[in-house]
file start-v8.txt (compact mmCIF, C-alpha atoms)
# COMPACT_ATOMS: atom_id res chain seq x y z
CA MET A 29 37.40 158.03 55.62
CA THR A 30 39.99 155.34 56.53
CA THR A 31 40.22 153.71 59.95
CA ILE A 32 43.38 155.68 60.69
CA GLU A 33 41.72 158.96 59.75
CA ARG A 34 38.77 158.14 62.00
CA LEU A 35 41.18 157.31 64.85
CA ILE A 36 43.14 160.51 64.42
CA ALA A 37 39.86 162.40 64.70
CA CYS A 38 39.42 160.79 68.15
CA LEU A 39 42.70 162.19 69.50
CA PRO A 40 42.41 164.92 72.13
CA ASP A 41 42.64 168.48 70.77
CA ASP A 42 45.45 169.68 73.02
CA LEU A 43 48.19 167.25 71.97
CA ARG A 44 51.59 168.18 70.62
CA LEU A 45 50.94 167.97 66.90
CA ASP A 46 54.19 169.36 65.52
CA GLU A 47 54.02 166.92 62.62
CA PRO A 48 51.15 165.07 60.95
CA VAL A 49 49.99 161.98 62.84
CA THR A 50 50.77 158.78 60.97
CA PRO A 51 50.02 155.12 61.84
CA GLU A 52 53.54 154.96 63.31
CA THR A 53 53.26 158.02 65.56
CA THR A 54 53.42 156.89 69.17
CA PHE A 55 50.94 158.14 71.74
CA GLU A 56 53.90 158.96 73.97
CA SER A 57 55.41 161.27 71.36
CA LEU A 58 52.10 163.14 71.23
CA GLY A 59 52.41 163.81 74.97
CA MET A 60 49.42 161.64 75.91
CA ASP A 61 49.07 160.64 79.54
CA SER A 62 46.79 157.93 80.94
CA LEU A 63 43.84 160.29 81.17
CA ASP A 64 44.23 161.38 77.53
CA PHE A 65 44.56 157.76 76.49
CA VAL A 66 41.43 156.65 78.35
CA TYR A 67 39.42 159.52 76.83
CA PHE A 68 40.77 158.48 73.42
CA LEU A 69 39.81 154.84 74.00
CA SER A 70 36.36 155.88 75.14
CA ASP A 71 35.85 157.96 72.00
CA VAL A 72 37.13 155.13 69.79
CA GLN A 73 34.80 152.65 71.48
CA SER A 74 31.81 154.94 70.94
CA LYS A 75 32.61 155.61 67.30
CA PHE A 76 33.46 152.01 66.40
CA LEU A 77 30.83 150.42 68.68
CA VAL A 78 33.37 148.10 70.24
CA GLU A 79 34.91 147.46 73.66
CA ILE A 80 38.68 147.38 73.78
CA PRO A 81 39.78 145.33 76.81
CA ASN A 82 42.49 146.84 78.99
CA ARG A 83 44.65 143.76 78.48
CA GLU A 84 44.71 144.67 74.76
CA ALA A 85 44.76 148.46 75.11
CA LYS A 86 47.87 148.47 77.29
CA HIS A 87 49.92 147.12 74.37
CA MET A 88 48.72 149.74 71.88
CA ARG A 89 51.49 152.26 71.31
CA THR A 90 50.34 153.90 68.05
CA ALA A 91 47.19 154.71 66.12
CA GLY A 92 48.33 151.97 63.75
CA ASP A 93 48.21 149.44 66.59
CA VAL A 94 44.64 150.48 67.38
CA ALA A 95 43.66 150.33 63.70
CA THR A 96 45.09 146.83 63.37
CA TRP A 97 43.17 145.68 66.44
CA LEU A 98 39.94 147.23 65.16
CA GLU A 99 40.32 145.63 61.76
CA ARG A 100 40.71 142.22 63.44
CA ASN A 101 37.96 142.63 65.99
CA VAL A 102 35.20 144.82 64.61
CA CYS A 103 32.59 142.98 62.58
CA GLN A 104 32.52 144.33 59.07
CA PRO A 105 29.07 144.93 57.54
CA SER A 106 28.04 142.11 55.23
CA PRO A 107 28.10 143.05 51.57
CA LYS A 108 24.62 143.51 50.14
CA HIS A 109 23.49 140.92 47.65
CA MET B 191 59.25 169.94 80.16
CA PRO B 192 61.03 166.98 78.53
CA ALA B 193 59.06 165.04 75.96
CA ILE B 194 57.41 162.00 77.51
CA ALA B 195 58.97 159.67 74.96
CA GLU B 196 62.46 160.80 76.00
CA ALA B 197 61.69 160.74 79.69
CA LEU B 198 59.90 157.44 80.22
CA GLY B 199 62.76 154.98 79.96
CA THR B 200 62.10 151.50 81.31
CA VAL B 201 59.14 151.77 83.65
CA THR B 202 58.71 149.26 86.48
CA TYR B 203 56.11 148.86 89.21
CA GLN B 204 56.92 147.31 92.54
CA GLN B 205 56.04 147.20 96.23
CA GLU B 206 58.52 149.10 98.35
CA ARG B 207 58.78 149.63 102.06
CA TRP B 208 58.42 153.20 103.26
CA SER B 209 61.81 152.86 104.89
CA ALA B 210 63.35 152.25 101.45
CA ILE B 211 61.87 155.33 99.80
CA LYS B 212 61.41 157.89 102.57
CA ASP B 213 64.63 159.67 101.71
CA LEU B 214 63.72 159.84 98.01
CA ILE B 215 60.08 160.78 98.14
CA GLY B 216 60.38 164.41 99.29
CA PRO B 217 60.58 166.07 95.85
CA LEU B 218 57.62 164.01 94.65
CA THR B 219 55.39 164.86 97.58
CA GLU B 220 56.24 168.53 97.12
CA SER B 221 55.36 168.40 93.39
CA HIS B 222 52.19 166.55 94.32
CA TRP B 223 51.19 169.18 96.87
CA LEU B 224 51.97 172.05 94.51
CA GLU B 225 49.80 170.46 91.82
CA VAL B 226 46.76 169.39 93.80
CA GLY B 227 47.01 170.68 97.36
CA LEU B 228 44.16 172.83 98.61
CA ASP B 229 44.34 175.77 101.04
CA GLN B 230 48.07 176.04 100.41
CA GLN B 231 48.26 179.49 102.01
CA ASN B 232 46.98 178.07 105.29
CA ILE B 233 48.00 174.43 105.27
CA PRO B 234 51.70 173.93 104.48
CA LEU B 235 53.09 170.61 103.37
CA ASP B 236 54.70 169.00 106.42
CA LEU B 237 54.93 165.23 106.04
CA ASP B 238 54.73 163.42 109.38
CA THR B 239 57.56 160.97 108.74
CA ASP B 240 57.33 159.57 112.28
CA LEU B 241 53.73 158.55 111.64
CA TYR B 242 54.63 157.00 108.29
CA ASN B 243 57.48 155.12 110.00
CA THR B 244 55.01 153.76 112.53
CA LEU B 245 52.43 152.78 109.90
CA ASP B 246 55.19 151.04 107.98
CA GLU B 247 56.39 149.15 111.06
CA MET B 248 52.82 148.15 111.89
CA GLY B 249 52.37 146.68 108.41
CA ILE B 250 49.56 149.11 107.62
CA LEU B 251 51.28 151.28 105.02
CA HIS B 252 51.78 149.68 101.60
CA VAL B 253 53.44 151.65 98.84
CA THR B 254 53.47 150.70 95.18
CA THR B 255 56.10 152.69 93.32
CA ILE B 256 56.91 153.53 89.72
CA ARG B 257 60.53 153.69 88.75
CA SER B 258 61.89 154.80 85.40
CA ASP B 259 65.35 153.43 84.75
CA GLY B 260 65.56 152.97 88.51
CA ARG B 261 64.54 156.52 89.42
CA LEU B 262 61.52 156.94 91.70
CA VAL B 263 58.92 158.84 89.61
CA GLY B 264 55.59 157.93 91.21
CA TYR B 265 53.82 156.25 94.08
CA PHE B 266 50.47 154.95 95.25
CA ALA B 267 50.24 154.55 99.02
CA MET B 268 47.49 152.59 100.71
CA CYS B 269 46.72 151.94 104.37
CA VAL B 270 45.51 148.38 104.80
CA ARG B 271 43.46 147.49 107.86
CA ASN B 272 40.20 146.05 109.00
CA HIS B 273 37.32 148.49 108.88
CA PRO B 274 35.96 149.15 112.41
CA HIS B 275 32.41 148.58 111.18
CA TYR B 276 33.28 145.43 109.22
CA ARG B 277 36.00 143.84 111.32
CA THR B 278 36.22 140.65 109.28
CA THR B 279 36.80 142.49 106.00
CA LEU B 280 40.27 143.73 105.13
CA MET B 281 40.15 147.06 103.32
CA ALA B 282 42.68 149.38 101.70
CA PHE B 283 42.27 153.13 102.18
CA LEU B 284 44.03 155.61 99.96
CA ASP B 285 46.79 157.72 101.39
CA SER B 286 47.93 159.33 98.14
CA TYR B 287 49.00 158.69 94.57
CA PHE B 288 51.13 160.75 92.22
CA VAL B 289 53.29 160.49 89.10
CA LEU B 290 55.76 163.19 88.07
CA ARG B 291 54.27 165.05 85.16
CA GLU B 292 57.02 164.26 82.65
CA PHE B 293 56.60 160.53 83.29
CA ARG B 294 52.86 160.36 82.66
CA GLY B 295 52.83 158.21 79.56
CA PRO B 296 49.72 156.70 77.98
CA TRP B 297 49.54 153.68 80.31
CA VAL B 298 51.75 154.71 83.24
CA ALA B 299 49.00 155.64 85.69
CA MET B 300 46.81 152.79 84.49
CA GLY B 301 49.70 150.41 85.08
CA LEU B 302 50.15 151.85 88.56
CA PHE B 303 46.49 151.29 89.43
CA GLU B 304 46.71 147.73 88.10
CA ALA B 305 49.85 147.05 90.13
CA VAL B 306 48.16 148.38 93.26
CA GLU B 307 45.10 146.21 92.72
CA SER B 308 47.27 143.15 92.25
CA ALA B 309 49.26 143.91 95.41
CA MET B 310 46.10 144.49 97.45
CA LYS B 311 44.64 141.18 96.24
CA ASP B 312 47.83 139.44 97.33
CA LEU B 313 47.37 140.93 100.81
CA GLY B 314 43.82 139.63 101.01
CA VAL B 315 42.17 143.03 100.68
CA LYS B 316 38.49 142.75 99.77
CA LYS B 317 37.73 146.39 99.04
CA MET B 318 39.80 149.39 98.03
CA ILE B 319 38.69 152.92 98.83
CA ALA B 320 40.27 155.80 96.94
CA GLY B 321 39.33 159.20 95.62
CA MET B 322 40.45 162.21 93.67
CA LYS B 323 40.42 165.97 93.88
CA LEU B 324 37.47 167.42 91.98
CA HIS B 325 39.78 169.92 90.30
CA LYS B 326 41.87 167.01 88.97
CA ASN B 327 39.01 164.86 87.80
CA ILE B 328 40.00 161.35 86.75
CA ASP B 329 36.56 159.73 86.99
CA ILE B 330 36.94 158.15 83.58
CA LEU B 331 40.19 156.45 84.60
CA PHE B 332 38.66 154.97 87.76
CA GLN B 333 35.63 153.78 85.80
CA ARG B 334 37.76 152.27 83.05
CA LEU B 335 39.43 150.16 85.73
CA GLY B 336 36.14 148.99 87.21
CA TRP B 337 35.86 151.32 90.21
CA GLU B 338 32.50 152.73 91.28
CA ALA B 339 31.83 156.16 92.77
CA ILE B 340 30.45 155.50 96.27
CA GLU B 341 30.75 158.69 98.27
CA THR B 342 31.22 162.45 98.06
CA THR B 343 33.61 164.06 100.53
CA TYR B 344 33.25 167.67 101.72
CA GLY B 345 35.82 169.90 103.35
CA LYS B 346 35.58 173.25 105.16
CA TYR B 347 38.54 175.29 106.34
CA ILE B 348 37.77 176.68 109.79
CA GLY B 349 41.28 177.73 110.88
call {"tool": "encode", "arguments": {"input": "start-v8.txt", "output": "structure tokens"}}
result
Amino acid sequence: MTTIERLIACLPDDLRLDEPVTPETTFESLGMDSLDFVYFLSDVQSKFLVEIPNREAKHMRTAGDVATWLERNVCQPSPKH
Amino acid sequence: MPAIAEALGTVTYQQERWSAIKDLIGPLTESHWLEVGLDQQNIPLDLDTDLYNTLDEMGILHVTTIRSDGRLVGYFAMCVRNHPHYRTTLMAFLDSYFVLREFRGPWVAMGLFEAVESAMKDLGVKKMIAGMKLHKNIDILFQRLGWEAIETTYGKYIG
């Protein structure tokens, strides 16, 4: 499962999902309010074992933004030798 | 309900005097009451504007507002004063907060809380006290912003 697919799985169930969610889909267009967004962040943090600071989160507009941040900030497992 | 993306526009947060918003705030307070007010059959909304005028003139009432493209769409009102038990400590006590439903974007309320905290710090406030209705639970939002639950409030209608 890709990072984006894992993020989409964290989105609340009751959003407006008229079209498939892509990395470019904005949280606003899904009808997310602050409460939805905080629940989403909490779920992401649990699943990715990371803490997303508010100063970073407030600039995240899309799942793609979150994925980019995670890819830069989550330690990747070392390849086995 | 308009889509949030269409409705949000350019959102700004600012401190505004009660006197500057009192003629605009009526529809918001009514929406607020309809959404969260308790005992509505027995306790009608009836804002005491004279009291708010006085609190404003005394420098106690501090209102942080949200505007979208200049339109008032939300508020967070605090009463700032010294606590009678802790006279040397300036505290801020919640009056009310609300954002019109169609303007509740992903960071709008969070931005409002941050703007309030910043304004209270500027005033020298050491502690903020606020709450929520249990039927509109936003615990996770408070906690995300570093607030701690400190008290449970009970009510009993005895009219």
call {"tool": "closest_residue", "arguments": {"input": "start-v8.txt", "among": "A:Glu79, A:Glu33, A:Asp41, A:Glu47", "to": "chain B", "atoms": "only C-alpha atoms"}}
result
A:Glu79
call {"tool": "interface_residues", "arguments": {"input": "start-v8.txt", "of": "chain A", "to": "chain B", "cutoff": "10 Å", "atoms": "all atoms listed in the file", "output": "VMD selection string"}}
result
chain A and resid 44 54 to 67 69 to 70 81 to 82 85 to 89
call {"tool": "closest_residue", "arguments": {"input": "start-v8.txt", "among": "B:Val306, B:Phe288, B:Ile348, B:Thr254", "to": "Gly227 of chain B", "atoms": "only C-alpha atoms"}}
result
B:Phe288
call {"tool": "atom_distance", "arguments": {"input": "start-v8.txt", "atom1": "atom CA of Ile319 of chain B", "atom2": "atom CA of Gly249 of chain B"}}
result
17.8 Å
call {"tool": "residues_around", "arguments": {"input": "start-v8.txt", "residues": "Thr30 of chain A", "least_positions_apart": "5", "cutoff": "10 Å", "atoms": "all atoms listed in the file", "output": "ChimeraX atom specification"}}
result
/A:35-36,95
call {"tool": "atom_distance", "arguments": {"input": "start-v8.txt", "atom1": "atom CA of Ala91 of chain A", "atom2": "atom CA of Pro51 of chain A"}}
result
5.1 Å
call {"tool": "atom_distance", "arguments": {"input": "start-v8.txt", "atom1": "atom CA of Leu241 of chain B", "atom2": "atom CA of Leu218 of chain B"}}
result
18.3 Å
call {"tool": "closest_residue", "arguments": {"input": "start-v8.txt", "among": "B:Met322, B:Phe303, B:Met310, B:Thr202", "to": "Gly336 of chain B", "atoms": "only C-alpha atoms"}}
result
B:Phe303
call {"tool": "closest_residue", "arguments": {"input": "start-v8.txt", "among": "B:Arg207, B:Lys311, B:Arg261, B:Lys323", "to": "Glu247 of chain B", "atoms": "only C-alpha atoms"}}
result
B:Arg207
call {"tool": "residues_around", "arguments": {"input": "start-v8.txt", "residues": "Ile211 of chain B", "least_positions_apart": "2", "cutoff": "12 Å", "atoms": "only C-alpha atoms", "output": "PyMOL selection string"}}
result
chain B and resi 204-209+213-219+239+242-243+246+252-257+261-265+267
call {"tool": "decode", "arguments": {"input": "start-v8.txt", "residues": "chain A", "atoms": "C-alpha atoms", "output": "PDB file, in the first residue's frame"}}
result
ATOM      1  CA  MET A  29       0.000   0.000   0.000  1.00  0.00           C
ATOM      2  CA  THR A  30       1.395   3.454  -0.931  1.00  0.00           C
ATOM      3  CA  THR A  31       1.659   6.354   1.501  1.00  0.00           C
ATOM      4  CA  ILE A  32      -1.240   8.090  -0.244  1.00  0.00           C
ATOM      5  CA  GLU A  33      -3.421   4.993  -0.004  1.00  0.00           C
ATOM      6  CA  ARG A  34      -2.629   4.696   3.706  1.00  0.00           C
ATOM      7  CA  LEU A  35      -3.496   8.386   4.185  1.00  0.00           C
ATOM      8  CA  ILE A  36      -6.781   8.078   2.335  1.00  0.00           C
ATOM      9  CA  ALA A  37      -7.671   5.217   4.656  1.00  0.00           C
ATOM     10  CA  CYS A  38      -7.261   7.663   7.574  1.00  0.00           C
ATOM     11  CA  LEU A  39      -9.871  10.095   6.231  1.00  0.00           C
ATOM     12  CA  PRO A  40     -13.140  10.291   8.171  1.00  0.00           C
ATOM     13  CA  ASP A  41     -15.949   8.112   6.802  1.00  0.00           C
ATOM     14  CA  ASP A  42     -18.563  10.839   6.441  1.00  0.00           C
ATOM     15  CA  LEU A  43     -16.772  13.114   3.961  1.00  0.00           C
ATOM     16  CA  ARG A  44     -18.097  14.209   0.594  1.00  0.00           C
ATOM     17  CA  LEU A  45     -16.477  11.637  -1.650  1.00  0.00           C
ATOM     18  CA  ASP A  46     -18.156  12.423  -4.968  1.00  0.00           C
ATOM     19  CA  GLU A  47     -14.938  11.619  -6.807  1.00  0.00           C
ATOM     20  CA  PRO A  48     -11.925   9.478  -5.946  1.00  0.00           C
ATOM     21  CA  VAL A  49      -9.451  11.150  -3.582  1.00  0.00           C
ATOM     22  CA  THR A  50      -6.159  11.936  -5.274  1.00  0.00           C
ATOM     23  CA  PRO A  51      -2.950  13.515  -3.900  1.00  0.00           C
ATOM     24  CA  GLU A  52      -4.260  16.846  -5.218  1.00  0.00           C
ATOM     25  CA  THR A  53      -7.699  16.682  -3.580  1.00  0.00           C
ATOM     26  CA  THR A  54      -7.936  19.432  -0.987  1.00  0.00           C
ATOM     27  CA  PHE A  55      -9.249  18.750   2.493  1.00  0.00           C
ATOM     28  CA  GLU A  56     -11.551  21.735   2.045  1.00  0.00           C
ATOM     29  CA  SER A  57     -13.167  20.205  -1.029  1.00  0.00           C
ATOM     30  CA  LEU A  58     -13.902  17.086   1.020  1.00  0.00           C
ATOM     31  CA  GLY A  59     -15.845  19.242   3.480  1.00  0.00           C
ATOM     32  CA  MET A  60     -13.387  18.710   6.347  1.00  0.00           C
ATOM     33  CA  ASP A  61     -13.606  21.071   9.297  1.00  0.00           C
ATOM     34  CA  SER A  62     -11.008  21.520  12.043  1.00  0.00           C
ATOM     35  CA  LEU A  63     -12.399  18.654  14.069  1.00  0.00           C
ATOM     36  CA  ASP A  64     -12.263  16.270  11.083  1.00  0.00           C
ATOM     37  CA  PHE A  65      -8.741  17.428  10.333  1.00  0.00           C
ATOM     38  CA  VAL A  66      -7.511  16.892  13.891  1.00  0.00           C
ATOM     39  CA  TYR A  67      -9.028  13.399  13.972  1.00  0.00           C
ATOM     40  CA  PHE A  68      -7.325  12.722  10.633  1.00  0.00           C
ATOM     41  CA  LEU A  69      -3.967  13.980  11.942  1.00  0.00           C
ATOM     42  CA  SER A  70      -4.346  11.877  15.059  1.00  0.00           C
ATOM     43  CA  ASP A  71      -5.016   8.762  12.995  1.00  0.00           C
ATOM     44  CA  VAL A  72      -2.083   9.523  10.691  1.00  0.00           C
ATOM     45  CA  GLN A  73       0.221  10.026  13.667  1.00  0.00           C
ATOM     46  CA  SER A  74      -0.835   6.689  15.163  1.00  0.00           C
ATOM     47  CA  LYS A  75      -0.432   4.776  11.928  1.00  0.00           C
ATOM     48  CA  PHE A  76       2.877   6.353  10.920  1.00  0.00           C
ATOM     49  CA  LEU A  77       4.270   6.623  14.475  1.00  0.00           C
ATOM     50  CA  VAL A  78       5.133  10.266  14.023  1.00  0.00           C
ATOM     51  CA  GLU A  79       4.133  13.626  15.504  1.00  0.00           C
ATOM     52  CA  ILE A  80       3.132  16.291  13.031  1.00  0.00           C
ATOM     53  CA  PRO A  81       3.657  19.725  14.612  1.00  0.00           C
ATOM     54  CA  ASN A  82       0.815  22.208  14.263  1.00  0.00           C
ATOM     55  CA  ARG A  83       3.170  24.697  12.607  1.00  0.00           C
ATOM     56  CA  GLU A  84       3.586  22.123   9.807  1.00  0.00           C
ATOM     57  CA  ALA A  85       0.034  20.739   9.781  1.00  0.00           C
ATOM     58  CA  LYS A  86      -1.556  24.140   9.247  1.00  0.00           C
ATOM     59  CA  HIS A  87       0.080  24.368   5.808  1.00  0.00           C
ATOM     60  CA  MET A  88      -1.115  20.944   4.643  1.00  0.00           C
ATOM     61  CA  ARG A  89      -3.958  21.389   2.180  1.00  0.00           C
ATOM     62  CA  THR A  90      -4.025  17.963   0.486  1.00  0.00           C
ATOM     63  CA  ALA A  91      -3.236  14.329   1.181  1.00  0.00           C
ATOM     64  CA  GLY A  92      -0.290  14.867  -1.149  1.00  0.00           C
ATOM     65  CA  ASP A  93       1.073  17.569   1.163  1.00  0.00           C
ATOM     66  CA  VAL A  94       0.854  15.169   4.103  1.00  0.00           C
ATOM     67  CA  ALA A  95       2.490  12.379   2.100  1.00  0.00           C
ATOM     68  CA  THR A  96       5.365  14.652   1.111  1.00  0.00           C
ATOM     69  CA  TRP A  97       5.893  15.676   4.729  1.00  0.00           C
ATOM     70  CA  LEU A  98       5.817  12.066   5.902  1.00  0.00           C
ATOM     71  CA  GLU A  99       8.299  10.974   3.261  1.00  0.00           C
ATOM     72  CA  ARG A 100      10.697  13.702   4.439  1.00  0.00           C
ATOM     73  CA  ASN A 101      10.231  13.186   8.146  1.00  0.00           C
ATOM     74  CA  VAL A 102       9.474   9.555   8.880  1.00  0.00           C
ATOM     75  CA  CYS A 103      12.531   7.361   9.305  1.00  0.00           C
ATOM     76  CA  GLN A 104      12.515   4.641   6.713  1.00  0.00           C
ATOM     77  CA  PRO A 105      13.435   1.138   7.911  1.00  0.00           C
ATOM     78  CA  SER A 106      17.036   0.272   7.109  1.00  0.00           C
ATOM     79  CA  PRO A 107      17.409  -2.281   4.343  1.00  0.00           C
ATOM     80  CA  LYS A 108      18.429  -5.695   5.648  1.00  0.00           C
ATOM     81  CA  HIS A 109      21.911  -6.828   4.774  1.00  0.00           C
TER      82      HIS A 109
END
